Amino acid sequence: MSTLGIRTPDDERLRRWRLVLGGGEADGTGRALTGTDAAMDGALTALYDNGGNGGKGGGKSDKGARGGGLGGSAPSVARWLGDIRTYFPSSVVQVMQRDAIERLGLATLLLEPEMLAAVEPDVHLVGTLLSLNKAMPETTKETARAVVRKVVEDLEKRLATRTRATLTGALDRSARISRPRHRDIDWDRTIRANLKNYLPEHGTVVPERLVGHGRASQAVKKEVVLCIDQSGSMAASVVYASVFGAVLASMRSLATRLVVFDTAVVDLTEQLDDPVDVLFGTQLGGGTDINRALAYCQSRITRPADTVVVLVSDLYEGGIRDEMLKRVAAMKASGVQFVTLLALSDEGAPAYDRDHAAALAALGAPAFACTPDLFPEIMAAALEKRPLPIPEA
């Protein structure tokens with residue numbers, strides 16, 4: 001620190017390294033922490049120096065031996081949650097909460113209403129709450145629903161408008177007709193379709209073929225079946241799929257069905273008007289029988305040529321593999337647009353069964369991970385029967 005009290009670049013570098021390395025003689029900074037920095041260091045120590053279980057490692061603090069851990073009691077954890085929300089931005093808080101749940105086994109403490117009131121709601125927290133749903137006492141359920149609803153509402157605000165706009169355009173284009181009435185002519189597409197008929201001497205195009213859209217109709221144009229793997233590894237995908245299912249169900253020109261599965265199959269279509277009800281109707285953590293789930297979905301398809309089936313799964317099949325592939329092949333042969341998403345989340349490349357993914361690709365149903373922001377474009381392409389905009393691996 002300079003004599004004027006202004007932190008120099010070298011001081012700032014040492015401060016950051018000290019926070020990363022955790023203090024003690026081995027960190028080499030020779031830097032002591034005070035005030036807010038000391039409080040931040042204490043919050044990090046409690047999580048990442050817990051008995052030498054990873055993180056920044058052991059070592060001694062400026063005041064002696066670093067003793068990690070949150071004490072395993074609700075009051076100490078609640079104080080820690082308050083501290084990290086004070087000292088770190090929301091995105092960092094969410095990561096630290098997730099690490100605390102995984103590293104220190106704090107999931108059961110989330111069954112207490114006071115704890116839930118202290119956490120920063122996010123998709124991963126929702127996944128944890130859903131996995132605890134059956135063990136949750138009645139006194140906690142209302143608080144848990146409030147936490148889940150906040151996350152769902154935030155996701156809907158982020159995703160709903162763009163999804164509806166993108167899919168409405170796709171549905172309109174899929175209903176394009178070749179003999180439109182004058183007011184239904186799409187002039188831009190009509191001109192482009194007739195450029196070969198341009199007459200330079202008259203400076204005009206002769207439209208031999210008119211392109212337009214059918215008039216807006218309240219009739220169902222397409223059917224969508226979302227078939228969602230609810231095994232424990234798919235928690236974030238279940239959350240996003242439930243939100244998208246509710247958005248799609250709100251569109252009158254789409255008939256949307258939502259099916260979740262592990263070794264059993266549950267149709268949650270009737271709850272689609274409220275994605276929170278959908279989420280609390282799931283049971284995260286079971287096995288996987290994709291074949292049984294696809295058999296159910298296949299039995300509900302009445303208009304194959306106008307149907308899109310979206311399977312969201314890591315493809316670790318516990319059922320009959322050959323039967324699963326035969327069902328996919330049969331649906332595609334009947335005209336169904338079949339989309340396989342290995343994940344529907346922002347978590348990056350997922351773990352998945354590569355043999356099953358390759359087998360689906362050989363059937364013309366490539367499997368790939370999809371972010372929530374890309375999902376509307378994927379669905380639009382499927383509805384229009386265009387090649388899917390598959391992201392690069």
# chains A, B, ... in the order shown; residues from 1 in each chain; ligands from 1

$ residues_around --residues "region 138-140 of chain A" --least-positions-apart "6" --cutoff "12 Å" --atoms "only C-alpha atoms" --output "CSV table (one decimal) with C-alpha atoms, in the first residue's frame"
chain,number,residue,atom,x,y,z
A,108,THR,CA,-30.3,-32.2,4.0
A,109,LEU,CA,-30.1,-28.8,5.6
A,110,LEU,CA,-32.1,-27.4,2.6
A,111,LEU,CA,-35.1,-29.2,4.1
A,112,GLU,CA,-35.2,-26.4,6.7
A,113,PRO,CA,-37.3,-23.3,5.7
A,114,GLU,CA,-34.8,-20.9,7.4
A,115,MET,CA,-32.0,-22.3,5.2
A,116,LEU,CA,-34.1,-22.0,2.0
A,117,ALA,CA,-34.8,-18.4,2.8
A,129,LEU,CA,-34.7,-29.4,-4.1
A,132,LEU,CA,-35.2,-34.0,-2.0
A,146,ALA,CA,-41.5,-20.2,-3.6
A,147,VAL,CA,-37.8,-20.7,-4.4

$ residues_around --residues "region 335-345 of chain A" --least-positions-apart "4" --cutoff "7 Å" --atoms "only C-alpha atoms" --output "ChimeraX atom specification"
/A:236-237,240,304-314,331,350,352,365-372,382

$ closest_residue --among "A:Ala78, A:Ala349, A:Thr168, A:Val239" --to "Leu125 (chain A)" --atoms "only C-alpha atoms"
A:Val239

$ closest_atom_pairs --of "region 284-356 of chain A" --to "region 247-271 of chain A" --cutoff "9 Å" --atoms "only C-alpha atoms" --output "JSON lines"
{"residue": "A:Leu284", "atom": "CA", "partner": "A:Asp262", "partner_atom": "CA", "distance": 8.2}
{"residue": "A:Gly285", "atom": "CA", "partner": "A:Asp262", "partner_atom": "CA", "distance": 8.0}
{"residue": "A:Gly286", "atom": "CA", "partner": "A:Asp262", "partner_atom": "CA", "distance": 5.3}
{"residue": "A:Gly287", "atom": "CA", "partner": "A:Asp262", "partner_atom": "CA", "distance": 5.0}
{"residue": "A:Thr288", "atom": "CA", "partner": "A:Asp262", "partner_atom": "CA", "distance": 4.3}
{"residue": "A:Asp289", "atom": "CA", "partner": "A:Thr263", "partner_atom": "CA", "distance": 4.8}
{"residue": "A:Ile290", "atom": "CA", "partner": "A:Phe261", "partner_atom": "CA", "distance": 7.6}
{"residue": "A:Arg292", "atom": "CA", "partner": "A:Val265", "partner_atom": "CA", "distance": 7.3}
{"residue": "A:Ala293", "atom": "CA", "partner": "A:Val265", "partner_atom": "CA", "distance": 5.8}
{"residue": "A:Tyr296", "atom": "CA", "partner": "A:Val265", "partner_atom": "CA", "distance": 7.7}
{"residue": "A:Cys297", "atom": "CA", "partner": "A:Val259", "partner_atom": "CA", "distance": 7.7}
{"residue": "A:Gly318", "atom": "CA", "partner": "A:Thr263", "partner_atom": "CA", "distance": 7.9}
{"residue": "A:Gly319", "atom": "CA", "partner": "A:Thr263", "partner_atom": "CA", "distance": 8.1}

$ select_by_dssp --residues "region 152-267 of chain A" --states "strand (DSSP E)" --output "list in words"
Arg176, Ile177, Tyr198, Leu199, Thr204, Val205, Gly212, His213, Lys222, Glu223, Val224, Val225, Leu226, Cys227, Ile228, Asp229, Leu254, Ala255, Thr256, Arg257, Leu258, Val259, Val260, Phe261, Val265, Val266 and Asp267 of chain A

$ atom_distance --atom1 "CA of Asp83 (chain A)" --atom2 "CA of Val95 (chain A)"
14.3 Å

$ residues_around --residues "Ile191 (chain A)" --least-positions-apart "6" --cutoff "9 Å" --atoms "only C-alpha atoms" --output "ChimeraX atom specification"
/A:205-207,210-211

$ residues_around --residues "Leu167 (chain A)" --least-positions-apart "6" --cutoff "9 Å" --atoms "only C-alpha atoms" --output "PyMOL selection string"
chain A and resi 248+376-377+379-380+383

$ write_last_selection --atoms "N, CA and C atoms" --output "PDB file, in the first residue's frame"
ATOM      1  N   LEU A 248     -44.383 -23.558 -24.787  1.00  0.00           N
ATOM      2  CA  LEU A 248     -44.951 -24.168 -25.991  1.00  0.00           C
ATOM      3  C   LEU A 248     -46.438 -24.447 -25.811  1.00  0.00           C
ATOM      4  N   PRO A 376     -34.950 -22.465 -29.122  1.00  0.00           N
ATOM      5  CA  PRO A 376     -35.974 -21.984 -30.068  1.00  0.00           C
ATOM      6  C   PRO A 376     -35.580 -22.190 -31.524  1.00  0.00           C
ATOM      7  N   GLU A 377     -34.298 -21.984 -31.863  1.00  0.00           N
ATOM      8  CA  GLU A 377     -33.859 -22.175 -33.247  1.00  0.00           C
ATOM      9  C   GLU A 377     -33.921 -23.652 -33.637  1.00  0.00           C
ATOM     10  N   MET A 379     -36.020 -25.876 -32.426  1.00  0.00           N
ATOM     11  CA  MET A 379     -37.435 -26.205 -32.601  1.00  0.00           C
ATOM     12  C   MET A 379     -37.991 -25.614 -33.883  1.00  0.00           C
ATOM     13  N   ALA A 380     -37.596 -24.385 -34.214  1.00  0.00           N
ATOM     14  CA  ALA A 380     -38.075 -23.766 -35.455  1.00  0.00           C
ATOM     15  C   ALA A 380     -37.655 -24.586 -36.667  1.00  0.00           C
ATOM     16  N   LEU A 383     -39.744 -27.794 -36.810  1.00  0.00           N
ATOM     17  CA  LEU A 383     -41.121 -27.534 -37.250  1.00  0.00           C
ATOM     18  C   LEU A 383     -41.200 -27.286 -38.750  1.00  0.00           C
TER      19      LEU A 383
END
